[in-house]
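**Q** Handing over coords-v5.txt, compact mmCIF, C-alpha atoms.
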# COMPACT_ATOMS: atom_id res chain seq x y z
CA MET A 6 -12.54 8.67 -34.33
CA ASN A 7 -13.83 12.08 -33.30
CA GLU A 8 -12.72 11.96 -29.67
CA ASP A 9 -9.77 14.08 -28.60
CA VAL A 10 -6.63 12.23 -27.58
CA ASN A 11 -4.20 13.32 -24.84
CA ILE A 12 -0.51 12.47 -25.08
CA ASN A 13 1.76 13.06 -22.08
CA LEU A 14 5.06 14.82 -22.60
CA THR A 15 8.25 13.35 -21.19
CA GLY A 16 10.56 16.28 -21.87
CA SER A 17 10.43 19.85 -20.62
CA VAL A 18 8.87 22.54 -22.76
CA LEU A 19 7.87 26.01 -21.57
CA TYR A 20 5.21 28.12 -23.22
CA ASP A 21 3.39 31.38 -22.56
CA PHE A 22 0.08 30.99 -20.76
CA LYS A 23 -2.02 33.85 -19.38
CA GLY A 24 0.94 36.12 -18.86
CA ASP A 25 3.27 33.52 -17.39
CA LYS A 26 5.71 30.83 -18.52
CA VAL A 27 4.43 27.34 -17.69
CA GLU A 28 5.73 23.85 -18.35
CA ALA A 29 3.54 21.77 -20.63
CA LYS A 30 2.39 18.44 -19.20
CA PHE A 31 0.46 17.01 -22.14
CA VAL A 32 -0.89 17.83 -25.58
CA THR A 33 -4.43 17.27 -26.81
CA LEU A 34 -4.91 16.17 -30.40
CA LYS A 35 -8.17 16.77 -32.22
CA ALA A 36 -9.66 14.87 -35.11
CA PRO A 37 -8.90 16.25 -38.58
CA THR A 38 -11.50 17.77 -40.87
CA SER A 39 -11.52 18.03 -44.64
CA LYS A 40 -9.62 21.30 -44.23
CA ASN A 41 -6.63 19.15 -43.21
CA ILE A 42 -7.02 16.60 -45.99
CA SER A 43 -3.67 17.30 -47.68
CA GLU A 44 -1.71 16.68 -44.48
CA CYS A 45 -3.78 13.59 -43.63
CA ALA A 46 -3.18 12.23 -47.12
CA ILE A 47 0.61 12.44 -46.61
CA MET A 48 0.33 10.65 -43.25
CA LYS A 49 -1.88 7.96 -44.76
CA GLN A 50 0.54 7.51 -47.62
CA CYS A 51 3.48 7.09 -45.21
CA PHE A 52 1.54 4.50 -43.26
CA TYR A 53 0.62 2.53 -46.39
CA LYS A 54 4.19 2.71 -47.69
CA ALA A 55 5.48 1.38 -44.36
CA VAL A 56 3.00 -1.51 -44.33
CA ARG A 57 3.69 -2.41 -47.97
CA PHE A 58 7.45 -2.20 -47.45
CA HIS A 59 7.34 -4.63 -44.53
CA GLN A 60 4.95 -6.98 -46.33
CA ARG A 61 7.27 -7.03 -49.37
CA ASN A 62 10.32 -7.73 -47.21
CA SER A 63 8.70 -10.23 -44.89
CA ASP A 64 9.96 -13.21 -46.92
CA VAL A 65 13.40 -11.71 -47.49
CA GLU A 66 16.08 -12.04 -44.80
CA ASP A 67 16.10 -8.69 -43.01
CA THR A 68 18.82 -7.82 -40.50
CA SER A 69 17.35 -4.47 -39.51
CA PRO A 70 15.54 -4.35 -36.17
CA SER A 71 11.92 -5.26 -36.71
CA PRO A 72 9.17 -3.47 -34.86
CA SER A 73 7.28 -5.37 -32.22
CA GLY A 74 4.22 -4.64 -34.45
CA LYS A 75 1.31 -5.60 -32.32
CA LEU A 76 -1.20 -5.01 -35.13
CA GLU A 77 -1.66 -8.67 -35.91
CA ASP A 78 -1.52 -9.81 -32.30
CA ASP A 79 -4.21 -7.85 -30.54
CA GLY A 80 -5.27 -5.36 -33.23
CA LYS A 81 -3.71 -2.45 -31.31
CA LEU A 82 -0.79 -0.52 -32.77
CA GLU A 83 1.41 1.55 -30.47
CA ALA A 84 2.71 4.96 -31.55
CA GLY A 85 6.35 4.01 -30.97
CA ASP A 86 5.99 0.79 -32.98
CA LEU A 87 4.34 2.62 -35.84
CA MET A 88 7.13 5.20 -35.99
CA GLN A 89 9.71 2.40 -36.03
CA MET A 90 7.84 0.80 -38.93
CA ILE A 91 7.81 4.09 -40.83
CA TYR A 92 11.50 4.81 -40.15
CA ALA A 93 12.47 1.29 -41.27
CA SER A 94 10.55 1.68 -44.56
CA ASP A 95 11.05 3.82 -47.65
CA ALA A 96 8.40 6.34 -46.56
CA ASP A 97 9.42 10.01 -46.84
CA THR A 98 9.73 10.93 -43.15
CA ASP A 99 10.84 14.49 -43.96
CA LYS A 100 7.56 15.12 -45.81
CA LEU A 101 5.67 13.42 -42.97
CA PHE A 102 7.08 15.71 -40.26
CA ILE A 103 6.54 18.86 -42.34
CA ALA A 104 2.91 17.82 -42.91
CA ALA A 105 2.52 17.02 -39.20
CA LYS A 106 3.77 20.46 -38.12
CA LYS A 107 1.45 22.16 -40.61
CA LEU A 108 -1.46 20.06 -39.38
CA PHE A 109 -0.83 20.57 -35.67
CA LYS A 110 -0.58 24.37 -35.85
CA ASN A 111 -3.92 24.48 -37.63
CA ASN A 112 -5.98 24.28 -34.41
CA ILE A 113 -5.42 20.52 -34.17
CA MET A 114 -3.04 20.48 -31.20
CA LEU A 115 -3.60 22.10 -27.81
CA PHE A 116 -1.07 22.37 -25.01
CA ASP A 117 -2.48 21.22 -21.67
CA GLY A 118 -5.89 20.99 -23.26
CA GLU A 119 -6.25 24.74 -23.58
CA THR A 120 -3.63 26.70 -25.54
CA THR A 121 -3.62 26.33 -29.32
CA ALA A 122 -0.18 25.25 -30.50
CA THR A 123 1.84 27.68 -32.58
CA LEU A 124 4.75 26.71 -34.81
CA LEU A 125 7.13 28.10 -32.17
CA MET A 126 5.64 25.85 -29.48
CA ILE A 127 5.72 22.79 -31.74
CA GLU A 128 9.34 23.39 -32.67
CA ASN A 129 10.29 23.65 -28.99
CA LEU A 130 9.04 20.11 -28.34
CA PRO A 131 11.78 17.56 -27.62
CA VAL A 132 12.40 15.22 -30.57
CA ASP A 133 11.18 12.09 -28.74
CA ASP A 134 7.94 13.79 -27.75
CA PHE A 135 7.32 15.09 -31.26
CA GLU A 136 7.85 11.64 -32.77
CA ASN A 137 5.51 10.15 -30.19
CA ILE A 138 2.85 12.74 -30.96
CA VAL A 139 3.09 12.15 -34.72
CA GLY A 140 2.87 8.39 -34.16
CA GLY A 141 -0.03 8.84 -31.76
CA TYR A 142 -1.89 10.99 -34.27
CA ILE A 143 -1.49 8.45 -37.05
CA VAL A 144 -2.58 5.58 -34.78
CA ASN A 145 -5.63 7.32 -33.36
CA PHE A 146 -6.92 9.26 -36.34
CA ILE A 147 -5.34 8.05 -39.58
CA VAL A 148 -5.15 4.28 -39.04
CA ALA A 149 -8.48 4.37 -37.20
CA SER A 150 -10.13 5.84 -40.29
CA ILE A 151 -8.75 3.00 -42.44
CA ILE A 152 -9.72 0.06 -40.24
CA MET B 13 35.82 44.84 -29.72
CA SER B 14 32.14 44.50 -28.76
CA ILE B 15 29.17 44.41 -31.09
CA ALA B 16 25.90 46.20 -30.37
CA LEU B 17 22.69 44.20 -30.48
CA ALA B 18 20.44 45.91 -33.01
CA ASP B 19 18.24 43.12 -34.38
CA ALA B 20 16.57 41.50 -31.38
CA SER B 21 13.52 39.34 -31.99
CA VAL B 22 10.22 39.76 -30.20
CA GLU B 23 7.81 36.96 -29.30
CA ILE B 24 4.43 37.60 -27.75
CA ASN B 25 2.20 34.80 -26.49
CA ASN B 26 4.15 32.04 -28.26
CA SER B 27 4.27 33.79 -31.65
CA PRO B 28 7.08 35.79 -33.25
CA VAL B 29 6.19 39.39 -34.11
CA ALA B 30 7.49 41.32 -37.13
CA ILE B 31 8.43 44.79 -35.89
CA VAL B 32 9.99 47.93 -37.34
CA PRO B 33 13.77 47.44 -37.14
CA ASN B 34 15.67 49.45 -34.53
CA SER B 35 12.45 50.28 -32.66
CA ILE B 36 12.69 48.09 -29.53
CA THR B 37 13.22 49.75 -26.18
CA TYR B 38 12.75 48.26 -22.73
CA THR B 39 13.44 48.92 -19.08
CA GLU B 40 14.69 46.27 -16.65
CA GLY B 41 12.04 47.08 -14.06
CA LYS B 42 14.55 47.72 -11.30
CA GLY B 43 12.67 50.89 -10.47
CA GLU B 44 13.96 54.16 -9.10
CA GLN B 45 16.03 54.70 -6.02
CA THR B 46 16.88 57.74 -3.98
CA MET B 47 19.99 58.68 -2.12
CA ARG B 48 19.79 61.09 0.77
CA SER B 49 22.32 62.19 3.25
CA ALA B 50 22.21 61.96 6.97
CA SER B 51 24.63 63.78 9.15
CA SER B 52 25.62 63.28 12.71
CA GLY B 53 27.25 66.64 12.68
CA GLY B 54 30.76 67.86 12.24
CA GLY B 55 30.53 67.72 8.46
CA SER B 56 30.10 63.96 8.33
CA VAL B 57 27.70 62.59 5.74
CA GLU B 58 26.19 59.16 5.62
CA GLN B 59 24.24 57.79 2.75
CA VAL B 60 20.59 56.82 3.19
CA PHE B 61 19.62 54.70 0.25
CA SER B 62 16.01 53.80 -0.44
CA ASN B 63 14.20 51.84 -3.10
CA ASN B 64 10.82 53.02 -4.34
CA ILE B 65 9.20 49.72 -5.23
CA GLU B 66 6.13 51.48 -6.60
CA MET B 67 8.15 51.95 -9.79
CA ASN B 68 9.27 48.31 -10.09
CA PHE B 69 7.61 47.55 -13.39
CA SER B 70 9.21 46.98 -16.76
CA MET B 71 8.30 48.73 -19.95
CA VAL B 72 8.84 47.33 -23.42
CA LYS B 73 7.91 49.23 -26.53
CA PHE B 74 8.36 48.82 -30.25
CA GLN B 75 6.74 49.88 -33.49
CA LEU B 76 4.65 47.82 -35.85
CA PHE B 77 3.85 48.47 -39.49
CA ASN B 78 0.16 49.16 -40.14
CA ASP B 79 -0.62 45.88 -41.96
CA ILE B 80 -3.84 44.01 -41.16
CA ASP B 81 -2.15 41.16 -39.25
CA SER B 82 -0.28 43.58 -36.98
CA ILE B 83 -3.42 45.65 -36.35
CA GLU B 84 -5.36 42.52 -35.37
CA ASP B 85 -2.49 41.23 -33.19
CA ALA B 86 -2.30 44.53 -31.31
CA ARG B 87 -6.04 44.40 -30.70
CA LYS B 88 -5.73 40.86 -29.29
CA TRP B 89 -2.91 41.91 -26.93
CA LYS B 90 -4.99 44.85 -25.70
CA THR B 91 -8.04 42.62 -25.21
CA ALA B 92 -5.96 40.11 -23.22
CA ARG B 93 -5.31 42.83 -20.62
CA ASN B 94 -2.37 41.67 -18.43
CA GLN B 95 -2.37 38.07 -19.64
CA ASN B 96 0.40 38.59 -22.21
CA THR B 97 3.98 37.39 -22.10
CA VAL B 98 6.58 39.30 -24.11
CA SER B 99 10.04 37.87 -24.78
CA ILE B 100 12.96 39.68 -26.36
CA SER B 101 16.00 37.72 -27.45
CA GLY B 102 19.03 38.46 -29.51
CA LYS B 103 22.44 37.15 -30.45
CA THR B 104 25.41 39.11 -31.74
CA PRO B 105 27.86 37.76 -34.34
CA ASP B 106 30.43 37.17 -31.58
CA GLY B 107 28.11 34.53 -30.13
CA LYS B 108 26.80 36.42 -27.09
CA LYS B 109 23.09 36.06 -26.33
CA ILE B 110 20.53 37.91 -24.29
CA THR B 111 16.95 37.08 -23.35
CA ARG B 112 14.44 39.09 -21.36
CA THR B 113 10.95 37.88 -20.50
CA PHE B 114 8.20 40.25 -19.45
CA LYS B 115 5.36 38.48 -17.67
CA GLN B 116 1.84 39.78 -17.04
CA ALA B 117 2.35 42.39 -19.72
CA ALA B 118 -0.45 44.81 -20.60
CA ILE B 119 -0.96 47.65 -23.05
CA LEU B 120 -2.21 50.40 -20.78
CA ASN B 121 -2.74 53.22 -23.23
CA ASP B 122 -5.29 53.51 -26.01
CA TYR B 123 -2.67 53.24 -28.73
CA GLU B 124 -3.14 55.03 -32.05
CA VAL B 125 -3.44 53.06 -35.25
CA ASN B 126 -1.97 55.25 -37.97
CA LEU B 127 -3.22 54.30 -41.43
CA GLY B 128 -0.90 55.89 -43.92
CA SER B 129 1.58 54.81 -46.54
CA ASP B 130 4.60 55.48 -44.33
CA THR B 131 3.16 55.33 -40.81
CA THR B 132 3.72 52.91 -37.94
CA ILE B 133 1.89 51.89 -34.77
CA GLU B 134 3.64 52.46 -31.45
CA ILE B 135 2.97 49.68 -28.93
CA GLU B 136 4.00 49.96 -25.30
CA PHE B 137 3.61 47.21 -22.70
CA LYS B 138 3.96 47.56 -18.94
CA SER B 139 4.79 44.33 -17.14
CA ASN B 140 6.40 42.64 -14.15
CA PRO B 141 10.16 43.28 -13.89
CA ALA B 142 12.10 41.63 -16.67
CA VAL B 143 13.62 38.21 -15.96
Give the structure from the file, written as structure tokens.
**A**
Amino acid sequence: MNEDVNINLTGSVLYDFKGDKVEAKFVTLKAPTSKNISECAIMKQCFYKAVRFHQRNSDVEDTSPSPSGKLEDDGKLEAGDLMQMIYASDADTDKLFIAAKKLFKNNIMLFDGETTATLLMIENLPVDDFENIVGGYIVNFIVASII
Amino acid sequence: MSIALADASVEINNSPVAIVPNSITYTEGKGEQTMRSASSGGGSVEQVFSNNIEMNFSMVKFQLFNDIDSIEDARKWKTARNQNTVSISGKTPDGKKITRTFKQAAILNDYEVNLGSDTTIEIEFKSNPAV
């Protein structure tokens, strides 16, 4: 739970590094502390809402695309699957992303393992990468703390 | 009709900076050139153009208000020596945009921090030519 996690970026994002503009290759995510408890609580709540929503609807005919949800198969949940689950539920994704940005700029995210992310850098991330990072954070730090 | 750009934004090392309005000035870093004349006689004059690349550095300066955050930011930029990146960008209401990036920027002088009720801090960076 306390180990840092690296997530590769697929899109192009430039940031300032030691007097130059460089392209970020990956981000490093660090474990939260109690200083980040409000943001973690929102992420946990979104996860629980997503799980409960899908459990409630599992007996009802559902035409929306269902996530591949590998949680029951091999106990491992992928970031992309988790984000699909959250999107397909009644969880407040707007609140989730605002909490994620606030969390990440609080010394939780590093670009290329070295540069602390600022709000400007986070907002320059491509949408797909940002979603993947949020999903990856929930999988590795939030869900891991529950199981 | 063209519209002057008077409210450009400044970002330094991935963070936006709140500056005193109308205080940004920069140079493109194209340096200084000289033009001399050569003559092969008979009143003819040819131009001898030369570029003094010793002057090919950009300058960007602006003023900050003397609040604690700005004072601490300026100190960090000075401590970072030439490992700063300054970006200026702006857009006019007619939709035209401009961006200039100043790499390897450094504050060379020992800038003065004026602590008064209506004072400002003048910050000047020297950097590689603007891109």
**Q** Once you count only C-alpha atoms, which residues of chain B turn out to be within 7 Å of chain A? Could you give them as an MDAnalysis selection string?
**A** chainID B and resid 25:27 94:97 115:117
**Q** Give one line per residue of segment 80-139 of chain B that approaches segment 41-50 of chain B to at most 12 Å, naming the two atoms of the closest pair and their distance in Å to one decimal, counting only C-alpha atoms; sort by chain then ascending residue number and deliver it as a tab-separated table.
**A**
residue	atom	partner	partner_atom	distance
B:Arg112	CA	B:Gly41	CA	11.1
B:Thr113	CA	B:Gly41	CA	11.3
B:Phe114	CA	B:Gly41	CA	9.5
B:Lys115	CA	B:Gly41	CA	11.5
B:Lys138	CA	B:Gly41	CA	9.5
B:Ser139	CA	B:Gly41	CA	8.3
**Q** Have a look at atom CA of Gly118 of chain A and atom CA of Asp134 of chain A and let me know their distance in Å, one decimal.
**A** 16.2 Å
**Q** Tell me, as a PyMOL selection string, which residues lie within 8 Å of Ser35 of chain B, counting all atoms listed in the file; anything in the same chain fewer than 3 positions away does not count.
**A** chain B and resi 31-32+73-75
**Q** Using all atoms listed in the file, which protein or nucleic acid residues come within 7 Å of segment 135-149 of chain A? Drop anything in the same chain fewer than 3 positions from it, and give the result as a PyMOL selection string.
**A** chain A and resi 6+12+36+48-49+82+84-85+87-88+105+130-132+152
**Q** For atom CA of Leu115 of chain A and atom CA of Lys30 of chain A, quote the distance in Å rounded to one decimal.
**A**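 Those two atoms sit 11.1 Å apart.
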**Q** Skip Met13 of chain B itself and residues of its chain fewer than 3 positions away, then list as a list in words all residues within 12 Å of it, counting only C-alpha atoms.
**A**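 Within the cut-off, the hits are Ala16, Pro105 and Asp106 of chain B.
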**Q** Write out as number ranges by chain the residues lying within 9 Å of Lys54 of chain A, counting only C-alpha atoms and excluding same-chain residues fewer than 6 positions away.
**A** A: 91, 94-96
**Q** Which residues are near Glu136 of chain B? Cut-off 10 Å, all atoms listed in the file, ignore same chain within fewer than 4 positions. Put them as number ranges by chain.
**A** B: 36-38, 71-75, 117-123
**Q** Could you check which of B:Asn140, B:Thr111, B:Ser52, B:Thr104 is closest to Ile15 of chain B, using only C-alpha atoms?
**A**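 Looking at the shortest contact to Ile15 of chain B, the residue is B:Thr104.
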**Q** Can you tell me how far atom CA of Asp97 of chain A sits from atom CA of Ile42 of chain A, in Å to one decimal?
**A**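 Taking atom CA of Asp97 of chain A as the start and atom CA of Ile42 of chain A as the end point, the length is 17.7 Å.
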**Q** Check the smallest atom-to-atom distance from each of A:Glu128, A:Ala46, A:Cys51, A:Arg57 to Tyr92 of chain A using all atoms listed in the file, then report the winner.
**A**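 The answer is A:Cys51, which sits nearest to Tyr92 of chain A.
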**Q** Let me make sure I understand: among B:Ala142, B:Ile110, B:Ile100, B:Leu76, which one has the smallest atom-to-atom distance to Glu124 of chain B if we use only C-alpha atoms?
**A** B:Leu76
**Q** Counting all atoms listed in the file, which residue out of B:Phe137, B:Phe69, B:Phe77, B:Phe61 sits closest to Val125 of chain B?
**A**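 Between B:Phe137, B:Phe69, B:Phe77, B:Phe61, the residue approaching Val125 of chain B most closely is B:Phe77.
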**Q** Set up a box along x, y and z of the file covering all listed atoms of segment 120-128 of chain A, add 3 Å on every one of the six sides, and write the centre and edge lengths in Å to one decimal, as lines of an AutoDock Vina configuration file.
**A**
center_x = 2.9
center_y = 25.4
center_z = -30.2
size_x = 19.0
size_y = 11.3
size_z = 15.3
